[in-house]
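Here's the structure we're looking at; comments come further down.
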Amino acid sequence: MESTDIGAQALVMDRGDTVATLLDPVQPGDAVKLLDPELTLLKTVVACDSINPFHKIAVYPMARNESVIKFGEVIGCTSKTIAVGESVHVHNLRSAKV
Amino acid sequence: MISGNGFEGFRRRDGQVGIRNLALVLPVGQCANELALRCASGIDSAFPLLHTQPCAHLGDDNHAAMRCLIGLGRNPNAGAVLVVGIGCDALDAEHIADRIAVTKKPVECLTVASCGGWDHVIAKGRRWLEHQSRELSQQPRTQVGIGHLTLAVKCGGSDATSALAGNPAIGGAVDQLIDEGGTVIFSETTELIGAEHLLMARAATPAVRHAIDLAVKDTIQRINAIGVDPRGTQPTPGNIEGGLTTLEEKSLGGILKTGARPIAGVFSWGEAPNGPGLHLMDCPANVPQLLLGWAAAGAQLLIFSVGGGLPASIPSLIGTNTGNMQLLPILKLLSNPRDSSARSYFDLYAGGVLEGNMPLEQVSEEIWNRALETASGRPTYLERYPPPGVQIWELLVRGPTV
């Protein structure tokens, strides 16, 4: 599960998602292969944060107060501008419901 | 997947089928918990189900508690029921016993008032339970159809792997059970927030669609009414550590365990589903209340999906304290492959999906097969290694407590 030569991987659950779920831990500068649920390579992004496995990485740039999409659904709203490759978690994503 | 061959259970006179054969000892209020414990102590298959019903509740809370206790007595995993009370309880013991007895299973009701003293309840209760225990031990299991199974599904200690492995795998088994005429109950209304539109789209009727909408809106309203950010409770600190950021994200992963079939009904805590199919029990995500509610609704088996992290390091059940719910056997499933040291605490493992060595369908099949084996008598991890104490189960209370 550690970062290896084949590079870190992240799952994009739905084609329209703006975040992916990392399968491996990443450090800034690591290349991350984005895979769809059938494990087809969609594209590669470069991590700009240190992120734990199974946490989220941004795959599109997002403005503040923009909906964040995972599973093809809204999982909340950005509280900051987010660049591709950044960690997306409680520091920059909040609930839009409660 | 195996289909059409059902399981071996204990047929009840009302047509229901138990997967366990317990002599349930049911106190009608918390003052009678000690009586239940003393009656059941040391008797094979006697299960004292202690709970928090006081004399300090009003109206609907008492009605719900009454329905819940009757439902617990009617649960087919109980082959005989001893109702115990003081005689000055808020809920009438005789009424509860009479309503349980419509199932035609052996029911006895003993109170301090009717027996002429505390010690007489214990002496009479123990004699009755010893007799019932012998009778129950002689009852054989018989082959029954899968339609007799009512399954509850829950996730707890969720992390981002729950949505990738355990929950969708459970969803596959749920779909199969529904297709074969069984009943499945999911709950935790709080953890539907953000995913309610997907469930409403699966409602079998406009009334069910409306009921899902109302249940979720009511929960949002109760959270917002006190003006606090639920983060840290929903999602929990463990969820957040595991990569879940918002309640919506947790909910969207959580509902995957409900599969894809239409939602046939919505019912309140303490009630029972009105037929087979997939049902929502409206209840907060609090384990002791959920387990009581599911058992009262007639569920015989629970599948509990755990993500990983620190919650996976608890050998017993997340959210309970020291005792086992014998009336509702529980299959624990682990998703996160990084928590391999905790794997021995679980009945089932779905992490192979993330390790790339097991397709989701195969995990669904393992869940299905294990559910049928458990229904036929195979003990669960928690039945083999029960926690050492006695749990006092919590009733759902909307208040006020006065």
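Ordered as shown in the structure tokens, chains take letters A, B, and onward, while each chain numbers its residues from 1 and ligands are numbered from 1 in the order shown.
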
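Residues with any atom within 6 Å of stretch 338-351 of chain B, counting only C-alpha atoms and excluding same-chain neighbours fewer than 3 positions away, are Ala165, Gly166, Ser313, Pro315, Leu331, Lys332, Leu333, Leu334, Ser335, Leu354 and Tyr381 of chain B.
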
Distance cut-off 10 Å, counting only C-alpha atoms - which residues of chain A neighbour chain B? Return them as a PyMOL selection string.
chain A and resi 1+11+13+21-23+37+51-56+68-77+88-98

Using only N, CA and C atoms, please write the residues we just selected to a file, as a CSV table (one decimal), in the first residue's frame.
```csv
chain,number,residue,atom,x,y,z
A,1,MET,N,0.8,-1.2,0.0
A,1,MET,CA,0.0,0.0,0.0
A,1,MET,C,0.9,1.3,0.0
A,11,LEU,N,-9.1,6.7,-6.3
A,11,LEU,CA,-10.3,6.2,-7.0
A,11,LEU,C,-11.3,7.4,-7.2
A,13,MET,N,-14.9,8.0,-8.0
A,13,MET,CA,-16.1,7.1,-7.9
A,13,MET,C,-17.1,7.4,-9.1
A,21,THR,N,-10.6,9.4,-3.9
A,21,THR,CA,-10.2,8.8,-2.7
A,21,THR,C,-8.8,8.1,-2.9
A,22,LEU,N,-7.8,8.5,-2.1
A,22,LEU,CA,-6.5,8.0,-2.2
A,22,LEU,C,-6.4,6.5,-1.7
A,23,LEU,N,-5.8,5.7,-2.4
A,23,LEU,CA,-5.6,4.3,-2.0
A,23,LEU,C,-4.3,4.2,-1.3
A,37,PRO,N,-13.8,3.3,-11.1
A,37,PRO,CA,-14.1,2.1,-10.3
A,37,PRO,C,-13.7,0.8,-11.0
A,51,ILE,N,-1.0,13.5,2.4
A,51,ILE,CA,-2.4,13.1,2.6
A,51,ILE,C,-2.4,11.6,3.0
A,52,ASN,N,-3.2,11.3,4.0
A,52,ASN,CA,-3.4,9.9,4.4
A,52,ASN,C,-4.1,9.0,3.4
A,53,PRO,N,-3.9,7.7,3.4
A,53,PRO,CA,-4.6,6.8,2.5
A,53,PRO,C,-6.1,6.9,2.9
A,54,PHE,N,-6.9,6.8,1.8
A,54,PHE,CA,-8.4,6.9,1.9
A,54,PHE,C,-9.0,8.3,2.2
A,55,HIS,N,-8.1,9.2,2.3
A,55,HIS,CA,-8.6,10.6,2.4
A,55,HIS,C,-8.7,11.2,1.0
A,56,LYS,N,-9.2,12.4,0.9
A,56,LYS,CA,-9.5,12.9,-0.5
A,56,LYS,C,-8.5,13.9,-1.0
A,68,VAL,N,-18.7,20.4,-3.6
A,68,VAL,CA,-17.7,19.3,-3.8
A,68,VAL,C,-18.4,18.0,-4.1
A,69,ILE,N,-18.0,17.4,-5.2
A,69,ILE,CA,-18.7,16.2,-5.7
A,69,ILE,C,-17.9,14.9,-5.5
A,70,LYS,N,-18.5,13.9,-4.9
A,70,LYS,CA,-18.0,12.6,-4.8
A,70,LYS,C,-19.2,11.6,-4.9
A,71,PHE,N,-19.0,10.5,-5.5
A,71,PHE,CA,-20.1,9.5,-5.8
A,71,PHE,C,-21.0,10.2,-6.8
A,72,GLY,N,-20.6,11.2,-7.5
A,72,GLY,CA,-21.5,12.0,-8.4
A,72,GLY,C,-22.6,12.8,-7.6
A,73,GLU,N,-22.3,13.0,-6.3
A,73,GLU,CA,-23.3,13.7,-5.5
A,73,GLU,C,-22.5,14.8,-4.7
A,74,VAL,N,-23.3,15.8,-4.2
A,74,VAL,CA,-22.7,16.9,-3.4
A,74,VAL,C,-22.4,16.3,-2.0
A,75,ILE,N,-21.1,16.4,-1.6
A,75,ILE,CA,-20.8,16.0,-0.2
A,75,ILE,C,-20.6,17.2,0.7
A,76,GLY,N,-20.7,18.4,0.2
A,76,GLY,CA,-20.6,19.6,1.0
A,76,GLY,C,-20.1,20.8,0.1
A,77,CYS,N,-19.5,21.8,0.8
A,77,CYS,CA,-19.3,23.1,0.2
A,77,CYS,C,-17.8,23.5,0.6
A,88,VAL,N,-8.4,17.5,0.6
A,88,VAL,CA,-9.8,18.0,0.8
A,88,VAL,C,-10.4,17.4,2.0
A,89,HIS,N,-10.5,18.1,3.1
A,89,HIS,CA,-10.9,17.5,4.4
A,89,HIS,C,-11.6,18.7,5.2
A,90,VAL,N,-11.6,18.5,6.5
A,90,VAL,CA,-12.4,19.4,7.4
A,90,VAL,C,-11.8,20.9,7.4
A,91,HIS,N,-10.6,21.1,6.9
A,91,HIS,CA,-10.0,22.4,6.9
A,91,HIS,C,-10.5,23.2,5.7
A,92,ASN,N,-11.1,22.6,4.7
A,92,ASN,CA,-11.5,23.3,3.5
A,92,ASN,C,-12.8,22.9,2.9
A,93,LEU,N,-13.5,21.9,3.6
A,93,LEU,CA,-14.8,21.4,3.1
A,93,LEU,C,-15.7,21.3,4.3
A,94,ARG,N,-16.9,21.9,4.2
A,94,ARG,CA,-17.9,21.8,5.3
A,94,ARG,C,-19.2,21.3,4.7
A,95,SER,N,-20.1,20.8,5.6
A,95,SER,CA,-21.4,20.3,5.3
A,95,SER,C,-22.2,21.5,4.7
A,96,ALA,N,-23.0,21.2,3.7
A,96,ALA,CA,-24.0,22.2,3.1
A,96,ALA,C,-25.4,22.0,3.7
A,97,LYS,N,-25.5,21.0,4.6
A,97,LYS,CA,-26.8,20.6,5.2
A,97,LYS,C,-27.0,20.9,6.6
A,98,VAL,N,-26.0,20.6,7.4
A,98,VAL,CA,-26.2,20.9,8.9
A,98,VAL,C,-24.9,21.5,9.4
```

Determine, counting only C-alpha atoms, which protein, DNA and RNA residues have an atom within 12 Å of an atom of A:Val32; residues of the same chain fewer than 2 positions away are not included. Present the result as a compact mmCIF listing (two decimals) with C-alpha atoms, in the first residue's frame.
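Output contents, as saved in out30.txt:
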```
# COMPACT_ATOMS: atom_id res chain seq x y z
CA SER A 3 4.00 4.68 -2.48
CA THR A 4 6.07 2.70 -4.94
CA ASP A 5 7.49 2.97 -8.43
CA ILE A 6 4.06 2.42 -9.94
CA GLY A 7 2.94 5.57 -8.12
CA ALA A 8 0.09 6.35 -5.81
CA GLN A 9 -3.47 5.64 -6.89
CA ALA A 10 -6.79 7.29 -6.16
CA LEU A 11 -10.33 6.25 -7.02
CA VAL A 12 -12.72 8.61 -8.80
CA ALA A 20 -10.76 11.28 -5.52
CA THR A 21 -10.17 8.81 -2.66
CA LEU A 22 -6.47 7.97 -2.24
CA LEU A 23 -5.61 4.30 -1.96
CA ASP A 24 -2.04 5.13 -0.88
CA PRO A 25 -0.40 7.76 1.32
CA VAL A 26 1.10 10.66 -0.65
CA GLN A 27 3.69 13.38 -0.07
CA PRO A 28 3.92 16.75 -1.87
CA GLY A 29 5.26 16.21 -5.39
CA ASP A 30 4.03 12.60 -5.69
CA LEU A 34 -6.67 8.69 -10.95
CA LEU A 35 -8.64 5.52 -11.66
CA LEU A 41 -6.63 5.31 -15.78
CA LEU A 42 -8.36 8.69 -16.20
CA LYS A 43 -5.44 11.07 -15.70
CA THR A 44 -2.56 11.85 -13.36
CA VAL A 45 -2.34 14.73 -10.87
CA VAL A 46 0.48 15.86 -8.59
CA ALA A 47 -0.16 15.93 -4.83
CA CYS A 48 0.67 19.22 -3.15
CA ASP A 49 -0.02 18.06 0.43
CA ILE A 51 -2.37 13.08 2.62
CA PRO A 53 -4.64 6.85 2.51
CA LYS A 56 -9.53 12.91 -0.46
CA ILE A 57 -7.40 14.71 -3.05
CA ALA A 58 -8.76 17.50 -5.29
CA VAL A 59 -8.87 16.54 -8.97
CA VAL A 84 -5.70 20.39 -7.87
CA GLY A 85 -3.63 18.01 -5.73
CA GLU A 86 -4.61 19.54 -2.38
```

Mind checking DSSP for chain A and telling me the strand (DSSP E) residues as a PDB file with C-alpha atoms, in the first residue's frame?
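The result, stored in out-v1.pdb:
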```pdb
ATOM      1  CA  ALA A   8       0.086   6.351  -5.807  1.00  0.00           C
ATOM      2  CA  GLN A   9      -3.469   5.636  -6.893  1.00  0.00           C
ATOM      3  CA  ALA A  10      -6.789   7.292  -6.164  1.00  0.00           C
ATOM      4  CA  LEU A  11     -10.332   6.247  -7.024  1.00  0.00           C
ATOM      5  CA  VAL A  19     -12.310  14.760  -5.484  1.00  0.00           C
ATOM      6  CA  ALA A  20     -10.760  11.283  -5.522  1.00  0.00           C
ATOM      7  CA  THR A  21     -10.169   8.810  -2.661  1.00  0.00           C
ATOM      8  CA  LEU A  22      -6.474   7.973  -2.238  1.00  0.00           C
ATOM      9  CA  ALA A  31       2.249  11.721  -8.921  1.00  0.00           C
ATOM     10  CA  VAL A  32      -1.203  10.255  -8.313  1.00  0.00           C
ATOM     11  CA  LYS A  33      -2.931   8.089 -10.890  1.00  0.00           C
ATOM     12  CA  LEU A  34      -6.673   8.686 -10.949  1.00  0.00           C
ATOM     13  CA  LEU A  35      -8.644   5.518 -11.658  1.00  0.00           C
ATOM     14  CA  LEU A  41      -6.627   5.314 -15.783  1.00  0.00           C
ATOM     15  CA  LEU A  42      -8.357   8.687 -16.201  1.00  0.00           C
ATOM     16  CA  LYS A  43      -5.438  11.075 -15.696  1.00  0.00           C
ATOM     17  CA  THR A  44      -2.559  11.853 -13.360  1.00  0.00           C
ATOM     18  CA  VAL A  45      -2.343  14.732 -10.873  1.00  0.00           C
ATOM     19  CA  VAL A  46       0.484  15.858  -8.587  1.00  0.00           C
ATOM     20  CA  LYS A  56      -9.531  12.912  -0.456  1.00  0.00           C
ATOM     21  CA  ILE A  57      -7.403  14.706  -3.049  1.00  0.00           C
ATOM     22  CA  ALA A  58      -8.764  17.495  -5.293  1.00  0.00           C
ATOM     23  CA  SER A  67     -20.063  22.239  -4.216  1.00  0.00           C
ATOM     24  CA  VAL A  68     -17.670  19.324  -3.794  1.00  0.00           C
ATOM     25  CA  ILE A  69     -18.705  16.221  -5.721  1.00  0.00           C
ATOM     26  CA  LYS A  70     -17.987  12.579  -4.752  1.00  0.00           C
ATOM     27  CA  GLU A  73     -23.278  13.707  -5.454  1.00  0.00           C
ATOM     28  CA  VAL A  74     -22.728  16.853  -3.397  1.00  0.00           C
ATOM     29  CA  ILE A  75     -20.790  16.019  -0.204  1.00  0.00           C
ATOM     30  CA  GLY A  76     -20.556  19.637   0.965  1.00  0.00           C
ATOM     31  CA  CYS A  77     -19.251  23.070   0.166  1.00  0.00           C
ATOM     32  CA  THR A  78     -15.691  24.425  -0.011  1.00  0.00           C
ATOM     33  CA  SER A  87      -6.016  17.562   0.506  1.00  0.00           C
ATOM     34  CA  VAL A  88      -9.792  18.046   0.800  1.00  0.00           C
ATOM     35  CA  LEU A  93     -14.792  21.413   3.142  1.00  0.00           C
ATOM     36  CA  ARG A  94     -17.924  21.808   5.251  1.00  0.00           C
TER      37      ARG A  94
END
```

Among stretch 139-288 of chain B, which ones does DSSP assign to alpha helix (DSSP H) (computed from the backbone)? Answer as a PyMOL selection string.
chain B and resi 166-179+196-200+206-225+237-241+247-254+287-288

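Between atom CA of B:Ser268 and atom CA of B:Gly181 lies a distance of 22.3 Å.
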
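For B:Val81, the non-local neighbours within 6 Å, defined as residues at least 6 positions apart in the same chain or in other chains and counting only C-alpha atoms, are B:Ala23, B:Leu24, B:Val25, B:Val107.
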
Write to file, as a PDB file, in the first residue's frame, the residues of the selection just made, with N, CA and C atoms.
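Result file selection_20.pdb:
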```pdb
ATOM      1  N   ALA B  23     -34.932 -18.003  26.213  1.00  0.00           N
ATOM      2  CA  ALA B  23     -35.985 -17.696  27.183  1.00  0.00           C
ATOM      3  C   ALA B  23     -35.728 -16.250  27.615  1.00  0.00           C
ATOM      4  N   LEU B  24     -36.505 -15.341  27.039  1.00  0.00           N
ATOM      5  CA  LEU B  24     -36.289 -13.910  27.288  1.00  0.00           C
ATOM      6  C   LEU B  24     -36.896 -13.517  28.627  1.00  0.00           C
ATOM      7  N   VAL B  25     -36.126 -12.789  29.418  1.00  0.00           N
ATOM      8  CA  VAL B  25     -36.663 -12.261  30.677  1.00  0.00           C
ATOM      9  C   VAL B  25     -36.742 -10.746  30.519  1.00  0.00           C
ATOM     10  N   VAL B 107     -45.682 -17.616  27.753  1.00  0.00           N
ATOM     11  CA  VAL B 107     -45.443 -16.319  28.379  1.00  0.00           C
ATOM     12  C   VAL B 107     -45.900 -16.398  29.834  1.00  0.00           C
TER      13      VAL B 107
END
```

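Between B:Pro311 and the candidates B:Ala285, B:Ile122, B:Leu199, B:Cys155, the tightest atom-to-atom separation, counting only C-alpha atoms, involves B:Cys155.
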
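Atom pair atom CA of B:Leu136 / atom CA of B:Leu22: separated by 7.6 Å.
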